[in-house]
Amino acid sequence: MSIDMEQFKVTFVEESLEGLDIMESVLLDMHPGTADSEAIDNIFRAAHSIKGGAATFGLADIASFTHVVETLLDEVRNGDRDITGEAIVLFLSSVDCVREMLSADQNGEAVDQEHIEQVKAGLDKMLNSEPETEAVSAGHNDMLSGALAHHENGWQIIFKPFSGMLRTGNDVVRMFRELAELGEFTAVVNVEDLPPLSDMDPEDAYLSWNITLNGKIDKAQISEIFEWVEDDCELTVRPLEDGNTETVATDVVDDVSEKDPPVDLQVVSPAPERRAEEDRRQDNDRRQTTRKASSPEASSIRVGIDKIDDLINMVGELVITQSMLSQLGEDFSMDRVERLNDGLSELERNTRELQESVMRIRMLPISFAFNRFPRMVHDLSAKLDKKIELTMSGEQTELDKTVMEKIGDPLVHLVRNSIDHGIETPEVRKAAGKSETGVVNLNAYHQGGNIVIEINDDGAGLNYEKILAKAIERGLVGANEDLPEEKVYELLFEPGFSTADVVSDVSGRGVGMDVVKRNIMALGGSVDVKSVPGEGSTFTIRLPLTLAILDGQLVRVGDNTYIIPLVSIVESLLVDEKNVNEIAGKAEVYQLRSDYLPIIRLYEVFDIEPDRRSLDNGLLVVVEGDNKKGGLLVDELLGQQQVVIKSLETNFRRVEGLSGATILGDGTVALIVDVAGVVRLSRDDVRRSNEQIVAA
Amino acid sequence: MDAAQNIAHEIQHDLESDGDQFLTFILAGEEYGVDILRVQEIKGWDSVTPIPNTPEYIRGVINLRGTIVPIIDLRRRFQLEAVEYGPMTVVIVLRVENPDGGKSRVMGLVVDAVSDVYNVPEGAIKAAPDFGSVVDVNFVKGLATLEDVMVIMLDIDRLLNADELSIVAKIT
Amino acid sequence: MANILAVDDSASMRQMVVFTLKGAGHQVTEAVDGQAAFDVAKSQKFDLVLTDVNMPRMDGITLAKELRNLPNFKFTPILMLTTEAGLNKKQEGKAAGATGWIVKPFNPEQLLATIKKVVG
C-alpha cells in the first residue's frame with residue numbers, strides 16, 4: 001500500500017475506545033427483553049464502525065472478533081433475536097476484549113488469548129445455527145465455473161438499460177469506457193424503442209446496444225463492470241462464436257462475491273497471531289490494567305469550537321487595547337493620564353478574560369473521569385454480593401485535563417472504599433432498617449476557583465472507636481487524648497492505616513488513604529471526610545482548576561518575598577513565647593492547642609537576613625505538607641494573590657524546598673515555597689523531640 | 001548601555017563571515033570569547049532573586065520576559081576579586097546546549113563589559129596550554145589572537161553544564 | 001479534478017478517505033452524517049458523493065434518497081461505502097437511488113480506481 005494506514009490508526013483507536021464506552025454504558029442500562037431500538041441501533045453502529053475500521057486499518061483480529069458481535073447485534077436489531085441477560089453479559093465481555101486488543105496493539109503487548117477465545121466461543125455459540133452465509137457466498141456460482149469463464153475470442157453483450165437506470169447516476173459511457181479497456185470494443189445502437197421527440201423524457205433511457213468485445217477476457221470482468229446496474233437493465237453476455245444461448249442476465253449478480261476481499265474467510269478460520277504469556281489475573285485487575293493502558297495520557301485534546309471562538313474574540317479585544325495604549329504612548333502627556341488608566345484597566349480585563357478563556361481550553365467535563373464508575377460499581381457490587389446504586393451529578397463540571405487524568409486513581413480508590421467498607425450487605429442494611437440497595441453518589445461542582453468532588457455513601461459510616469483504637473495502637477495518638485471527631489477521621493489518611501480486619505482484595509491492598517491524600521495534595525488540592533455512624537460518609541476533594549496557577553500568600557522575610565500556597569496554610573498567628581519549647585537546645589516547637597509544631601525559621605532555611613530573629617511576637621504561618629505540620633517564621637504577611645507557577649527547572653534545576661518561582665507585578669521573581677519539602681527537613685528532628693515531651 | 005546596544009546591533013546585522021563569529025567580553029582585565037550563535041541577548045545588570053543554598057557564583061534568577069533564568073557570576077566562579085556592579089555591568093544571556101542531547105537552557109553571565117564581535121577564521125583558535133589562567137582549562141576551547149589581543153575562547157556548554165548546575169540541590 | 005462529498009461518522013475513515021482523495025488531486029468536503037451532508041448539498045454541487053451507510057441522524061440510504069430529490073443531484077454518482085456483503089443493503093441503496101457501492105474494507109488504491117472510473 002502506498003499510503004500508510006498507521007497515521008489514521010490513532011484516530012481509529014481513539015474513536016473506537018469512545019464507541020466501546022458508549023456500548024458499555026448502553027449495555028449497563030439495558031434490561032433483558034426490554035431494550036429500546038435506539039439503544040440497540042447505537043451499539044450496533046458502534047460495533048459496525050469498529051469492525052469496518054479495524055479491517056480497513058489492518059487490525060484483522062479485531063475485525064474478525066467484532067464481526068461476530070456485529071452479526072449478533074444485527075439480528076437483535078432486525079428483531080430476529082432477543083436481548084437476554086446472558087447476551088448482555090457476553091457483549092460486555094466483548095467490549096473488554098476489544099478494549100484489550102486495541103490496547104495491546106497500541107502498546108505492543110500480548111493479549112490474553114485464552115480469555116478472548118473464550119468470549120469468542122461464547123459469541124459463536126450464541127450465533128449457533130445461524131448459517132455462515134458470508135463464508136458460503138464466497139463460493140462460486142455454478143454458472144461461472146468451467147468452460148464458460150474464459151473465452152478466447154471475446155463476448156457478445158446485449159445491454160438494455162431500464163428506463164430508470166440513469167437516475168441512479170450510472171453512466172453508460174463509463175461502462176463502455178471500461179469495456180473498451182478490456183478488449184476491442186464495438187457497439188451497435190438500437191433505437192427501436194425511441195419515442196417521438198415530443199414524448200421523450202430526457203432523463204429516461206430508451207436505447208439499447210449490441211456490443212462485441214474481442215479479446216481474451218474473463219466473463220467476471222464484464223460482470224464487474226455491470227455490477228452496479230444489474231437490477232436496472234437487461235444484460236445478456238454470450239461468448240462469441242458459440243451458438244450458445246446461455247442467458248446469464250441477472251445470475252451475474254452472484255459474481256459480486258468474488259470481488260469481495262477475503263474478510264469473510266477470516267471469519268471462518270481466525271488465526272490467533274499472538275499467544276498470551278501472562279497468567280489469568282483477577283477480573284478487576286485485568287480490566288483495570290487494560291483501562292489504564294488503553295487510556296494513556298494522550299497528548300491531544302478535543303476542544304469545542306465555541307471555546308476557540310471565544311479565544312479568538314478575546315485576542316481580538318486584546319489587540320485593540322494594545323493598539324490604543326500604543327497610540328497613547330506615542331503622544332503622551334500628563335493630562336492624558338486618565339485615558340491611560342482606562343486603557344490599563346481595559347487591558348487588565350482583557351488579560352483576565354483571555355486567561356480564563358485559555359484555561360477553559362484545557363478543561364473537560366468531569367464525566368470523562370466519572371464514566372468508568374457505572375461499570376466498576378456494577379462489577380464490584382456483583383462480586384461482593386451487595387446491592388449498590390450509583391448516582392452521579394454535576395458531570396458537566398469542567399476541570400483541567402491533566403488534573404482529571406491524575407485524580408482518576410484517587411477517585412477509584414475512594415469509590416472502592418465506599419463500596420467495600422461503607423455500604424453494608426443487603427441483610428445488614430435490612431436489619432438496620434435501611435433499604436437493601438445502598439447508594440453511592442458522586443457529585444462535582446465549582447466553588448471559588450476550585451472544583452469540589454464529593455463521594456458520598458449511605459453506608460455504615462466511619463467507626464470512630466475503631467479508628468481511635470488503631471491510632472492509639474500505632475502510637476499516633478496518646479491513650480488519653482481527647483480528639484475532636486474530625487481529627488479522628490483525619491487519622492484515616494495516615495500511612496499504613498487500614499482498619500480493615502481482613503485486607504480485602506478490592507481496596508485494602510496497601511495502597512492506602514495516605515497515598516490518595518498525597519496524590520491529591522500533589523495536585524494542589526485537599527481531601528477531608530465527614531461521617532455519621534450508621535448513616536454514611538462523605539469524602540470531599542477540593543482541587544484547583546488548573547495546575548499552572550496557584551493561590552498564594554505572599555510573605556516577606558528580610559528583603560525577599562516568598563509565596564506560600566494557600567492550600568497548605570492552616571492558620572497564621574502571633575507567637576506567644578510561653579508556648580515555645582526548646583528541645584535539647586536546638587529544635588524548637590510551638591504548642592498550639594494539642595499539637596506540637598516544629599518552628600521553622602525560614603531565614604535560616606533560605607540563608608537570608610531577616611528583620612528580626614526573636615520569636616516573641618513573631619509571625620508564624622502554620623502550614624501542612626505531606627501530612628506533617630509546621631510553623632514557618634516570617635517577617636511580614638503581604639497580600640494574597642493568584643500566581644502563575646514558573647518552573648525553576650527549565651533553565652536551572654530543581655531546588656528542594658522550592659516548588660517553583662513566579663513573577664510578581666513589579667517584574668521581580670518570587671520563590672514559591674514547597675511546604676512539604678521544608679517541613680520534611682525538620683520533621684525527623686521534631687519527632688524525636690515530641691517523644692521526649694510526651695514522655696515527660 | 002550604548003556599548004551593549006551597539007554590539008547587539010552588530011550581532012543582528014553581521015551575517016556574512018567565513019569561520020565563526022565570537023563575542024568577546026572583559027573580565028578582570030582578561031578578554032574572553034563566546035560563540036556568537038549562543039548569544040541570545042545582552043542585558044544590563046538588574047536585581048536578582050537569590051536561590052537558597054546554591055554555590056556563591058550562582059547569584060540567583062531573573063525574569064527574562066516571563067522565563068526564569070539563572071545568573072552566573074563569572075568573577076565568583078573564577079574566584080576573582082569582587083567588584084561593585086553598576087550601570088556598565090553587563091549580563092550576556094546565552095543558550096547552553098546539553099551535551100547529553102537534552103533540551104537547551106538559557107542562562108545569564110555577569111561580566112565587566114562586552115568588548116566586540118570578531119570574525120575568527122578557521123584554524124585561528126589554537127589549543128590552550130595550561131598557561132596559568134584563572135579559568136580551568138577544561139572550560140577553554142582554545143586561544144586566539146584578535147587584533148593583537150589574546151582572547152580566551154570559552155566552551156560555554158562545558159562551563160555552564162558543570163555538575164553544580166545540574167544536580168538537584170538540597171537545603172541543609 | 002473532481003469535487004467530492006465524503007460522508008462517514010467515523011473520523012478515522014473520513015481522514016483516510018480525505019487524505020487519499022486530496023492526495024490524488026480531488027477537492028473534498030467532509031460530513032459527519034447524512035444530515036450534515038444533506039445540509040451542505042443543498043447549497044453546493046458535487047461531482048461525486050461517497051457515503052457510509054450506518055450513521056446517526058440520517059443514514060446513507062436515506063441520504064441517497066433525499067439527494068435524488070435535489071435538482072443538482074439527480075444524476076450525481078452516489079457511492080455507498082458499505083461493509084455489508086449481504087445483498088439486501090445494496091438493493092436498498094440502489095432502490096434509494098444510489099449509483100453503486102464500494103465494499104469495506106478497501107484500500108486507498110481501490111478507492112481511487114473506482115472513483116476514476118466514475119468521474120473520469
# chains A, B, ... in the order shown; residues from 1 in each chain; ligands from 1

call {"tool": "select_by_dssp", "arguments": {"residues": "range 34-167 of chain B", "states": "strand (DSSP E)", "output": "number ranges by chain"}}
result
B: 34-35, 39-44, 58-64, 67-73, 90-96, 105-111, 113-120, 140-146, 149-154

call {"tool": "interface_residues", "arguments": {"of": "chain A", "to": "chain C", "cutoff": "6 Å", "atoms": "only C-alpha atoms", "output": "ChimeraX atom specification"}}
result
/A:8,11-12,55-56,167-170,228

call {"tool": "interface_residues", "arguments": {"of": "chain A", "to": "chain B", "cutoff": "9 Å", "atoms": "only C-alpha atoms", "output": "count of residues only"}}
result
27

call {"tool": "residues_around", "arguments": {"residues": "Asp458 in chain A", "least_positions_apart": "3", "cutoff": "8 Å", "atoms": "only C-alpha atoms", "output": "CSV table (one decimal) with N, CA, C and O atoms, in the first residue's frame"}}
result
chain,number,residue,atom,x,y,z
A,422,GLY,N,-17.9,0.9,53.2
A,422,GLY,CA,-19.0,1.8,53.5
A,422,GLY,C,-20.3,1.1,53.5
A,422,GLY,O,-21.0,0.8,54.5
A,423,ILE,N,-20.7,0.7,52.3
A,423,ILE,CA,-22.0,0.1,52.1
A,423,ILE,C,-22.1,-1.3,52.7
A,423,ILE,O,-21.2,-2.1,52.4
A,438,GLY,N,-27.8,0.1,48.6
A,438,GLY,CA,-27.1,1.2,49.1
A,438,GLY,C,-26.8,2.2,47.9
A,438,GLY,O,-26.9,1.8,46.8
A,439,VAL,N,-26.6,3.4,48.3
A,439,VAL,CA,-26.4,4.4,47.2
A,439,VAL,C,-25.0,5.0,47.4
A,439,VAL,O,-24.7,5.5,48.5
A,440,VAL,N,-24.3,5.1,46.3
A,440,VAL,CA,-23.0,5.8,46.3
A,440,VAL,C,-23.3,7.0,45.3
A,440,VAL,O,-23.7,6.8,44.2
A,461,GLY,N,-20.9,4.3,57.7
A,461,GLY,CA,-20.1,5.4,58.2
A,461,GLY,C,-18.8,5.0,58.8
A,461,GLY,O,-18.5,3.8,58.9
A,535,GLU,N,-25.1,6.1,59.2
A,535,GLU,CA,-25.8,6.8,58.1
A,535,GLU,C,-24.9,7.0,56.9
A,535,GLU,O,-25.5,7.1,55.7
A,536,GLY,N,-23.6,7.0,57.0
A,536,GLY,CA,-22.8,7.1,55.8
A,536,GLY,C,-21.6,8.1,56.0
A,536,GLY,O,-21.4,8.6,57.0
A,537,SER,N,-20.9,8.2,54.9
A,537,SER,CA,-19.7,9.1,54.9
A,537,SER,C,-19.6,9.9,53.7
A,537,SER,O,-20.2,9.5,52.6

call {"tool": "residues_around", "arguments": {"residues": "Arg76 in chain B", "least_positions_apart": "6", "cutoff": "12 Å", "atoms": "only C-alpha atoms", "output": "PyMOL selection string"}}
result
chain B and resi 27-28+55-59+82-83+109-111+134-135

call {"tool": "select_by_dssp", "arguments": {"residues": "range 22-116 of chain C", "states": "helix (DSSP H, G or I)", "output": "PyMOL selection string"}}
result
chain C and resi 22-23+34-41+60-68+71-73+87-96+108-116

call {"tool": "residues_around", "arguments": {"residues": "Asp204 in chain A", "least_positions_apart": "3", "cutoff": "8 Å", "atoms": "only C-alpha atoms", "output": "list in words"}}
result
Ser163, Gly164, Met165, Leu166, Arg167, Met200 and Asp201 of chain A

call {"tool": "atom_distance", "arguments": {"atom1": "CA of Thr66 in chain A", "atom2": "CA of Ala121 in chain A"}}
result
12.7 Å

call {"tool": "residues_around", "arguments": {"residues": "Gly34 in chain C", "least_positions_apart": "5", "cutoff": "6 Å", "atoms": "only C-alpha atoms", "output": "list in words"}}
result
Met58, Asp59 and Leu63 of chain C

call {"tool": "closest_residue", "arguments": {"among": "B:Leu23, B:Gly108, B:Asp136, B:Gly44", "to": "Asp73 in chain B", "atoms": "only C-alpha atoms"}}
result
B:Gly108

call {"tool": "residues_around", "arguments": {"residues": "range 105-107 of chain A", "least_positions_apart": "3", "cutoff": "9 Å", "atoms": "only C-alpha atoms", "output": "MDAnalysis selection string"}}
result
chainID A and resid 10 13 59 100:102 110:111 293:294

call {"tool": "write_last_selection", "arguments": {"atoms": "all heavy atoms", "output": "mmCIF file, in the first residue's frame"}}
result
data_model
loop_
_atom_site.group_PDB
_atom_site.id
_atom_site.type_symbol
_atom_site.label_atom_id
_atom_site.label_comp_id
_atom_site.auth_asym_id
_atom_site.auth_seq_id
_atom_site.Cartn_x
_atom_site.Cartn_y
_atom_site.Cartn_z
ATOM 1 N N VAL A 10 -4.389 5.890 14.837
ATOM 2 C CA VAL A 10 -4.513 6.542 16.136
ATOM 3 C C VAL A 10 -5.918 7.080 16.321
ATOM 4 O O VAL A 10 -6.555 6.871 17.358
ATOM 5 C CB VAL A 10 -3.484 7.686 16.277
ATOM 6 C CG1 VAL A 10 -3.713 8.448 17.561
ATOM 7 C CG2 VAL A 10 -2.087 7.120 16.236
ATOM 8 N N VAL A 13 -8.298 4.237 16.813
ATOM 9 C CA VAL A 13 -8.278 3.656 18.158
ATOM 10 C C VAL A 13 -9.027 4.553 19.132
ATOM 11 O O VAL A 13 -9.844 4.096 19.935
ATOM 12 C CB VAL A 13 -6.821 3.439 18.636
ATOM 13 C CG1 VAL A 13 -6.786 3.055 20.095
ATOM 14 C CG2 VAL A 13 -6.155 2.369 17.790
ATOM 15 N N LEU A 59 -6.280 -4.197 11.291
ATOM 16 C CA LEU A 59 -6.380 -4.893 12.575
ATOM 17 C C LEU A 59 -7.312 -6.088 12.396
ATOM 18 O O LEU A 59 -8.460 -6.088 12.825
ATOM 19 C CB LEU A 59 -6.906 -3.945 13.650
ATOM 20 C CG LEU A 59 -5.960 -2.772 13.935
ATOM 21 C CD1 LEU A 59 -6.700 -1.637 14.632
ATOM 22 C CD2 LEU A 59 -4.815 -3.231 14.804
ATOM 23 N N GLU A 100 -9.054 -4.571 25.128
ATOM 24 C CA GLU A 100 -7.766 -5.208 25.384
ATOM 25 C C GLU A 100 -6.985 -5.330 24.089
ATOM 26 O O GLU A 100 -5.784 -5.046 24.043
ATOM 27 C CB GLU A 100 -8.012 -6.582 25.990
ATOM 28 C CG GLU A 100 -6.851 -7.077 26.823
ATOM 29 C CD GLU A 100 -7.069 -8.513 27.261
ATOM 30 O OE1 GLU A 100 -8.163 -8.793 27.778
ATOM 31 O OE2 GLU A 100 -6.150 -9.317 27.063
ATOM 32 N N MET A 101 -7.667 -5.731 23.043
ATOM 33 C CA MET A 101 -6.976 -5.906 21.766
ATOM 34 C C MET A 101 -6.467 -4.571 21.233
ATOM 35 O O MET A 101 -5.367 -4.488 20.692
ATOM 36 C CB MET A 101 -7.901 -6.577 20.746
ATOM 37 C CG MET A 101 -8.190 -8.030 21.086
ATOM 38 S SD MET A 101 -8.919 -8.947 19.707
ATOM 39 C CE MET A 101 -10.630 -8.646 19.976
ATOM 40 N N LEU A 102 -7.252 -3.528 21.395
ATOM 41 C CA LEU A 102 -6.826 -2.219 20.938
ATOM 42 C C LEU A 102 -5.612 -1.759 21.731
ATOM 43 O O LEU A 102 -4.631 -1.267 21.180
ATOM 44 C CB LEU A 102 -7.951 -1.190 21.114
ATOM 45 C CG LEU A 102 -9.061 -1.228 20.068
ATOM 46 C CD1 LEU A 102 -10.226 -0.357 20.498
ATOM 47 C CD2 LEU A 102 -8.535 -0.774 18.719
ATOM 48 N N ALA A 110 1.031 -8.395 24.545
ATOM 49 C CA ALA A 110 0.272 -9.582 24.134
ATOM 50 C C ALA A 110 -1.113 -9.527 24.762
ATOM 51 O O ALA A 110 -1.300 -8.939 25.819
ATOM 52 C CB ALA A 110 0.995 -10.837 24.608
ATOM 53 N N VAL A 111 -2.077 -10.135 24.088
ATOM 54 C CA VAL A 111 -3.412 -10.170 24.682
ATOM 55 C C VAL A 111 -3.585 -11.474 25.445
ATOM 56 O O VAL A 111 -2.828 -12.417 25.255
ATOM 57 C CB VAL A 111 -4.519 -10.095 23.607
ATOM 58 C CG1 VAL A 111 -4.582 -8.720 23.006
ATOM 59 C CG2 VAL A 111 -4.289 -11.146 22.540
ATOM 60 N N ALA A 293 -4.047 1.067 30.409
ATOM 61 C CA ALA A 293 -3.225 1.032 29.208
ATOM 62 C C ALA A 293 -3.954 1.650 28.039
ATOM 63 O O ALA A 293 -3.369 2.316 27.214
ATOM 64 C CB ALA A 293 -2.843 -0.404 28.898
ATOM 65 N N SER A 294 -5.265 1.397 27.977
ATOM 66 C CA SER A 294 -5.953 1.872 26.790
ATOM 67 C C SER A 294 -6.323 3.335 26.863
ATOM 68 O O SER A 294 -6.780 3.909 25.913
ATOM 69 C CB SER A 294 -7.206 1.038 26.536
ATOM 70 O OG SER A 294 -8.116 1.249 27.586
#

call {"tool": "atom_distance", "arguments": {"atom1": "CA of Asn98 in chain B", "atom2": "CA of Asp35 in chain B"}}
result
15.4 Å

call {"tool": "atom_distance", "arguments": {"atom1": "CA of Gly512 in chain A", "atom2": "CA of Ile455 in chain A"}}
result
16.6 Å
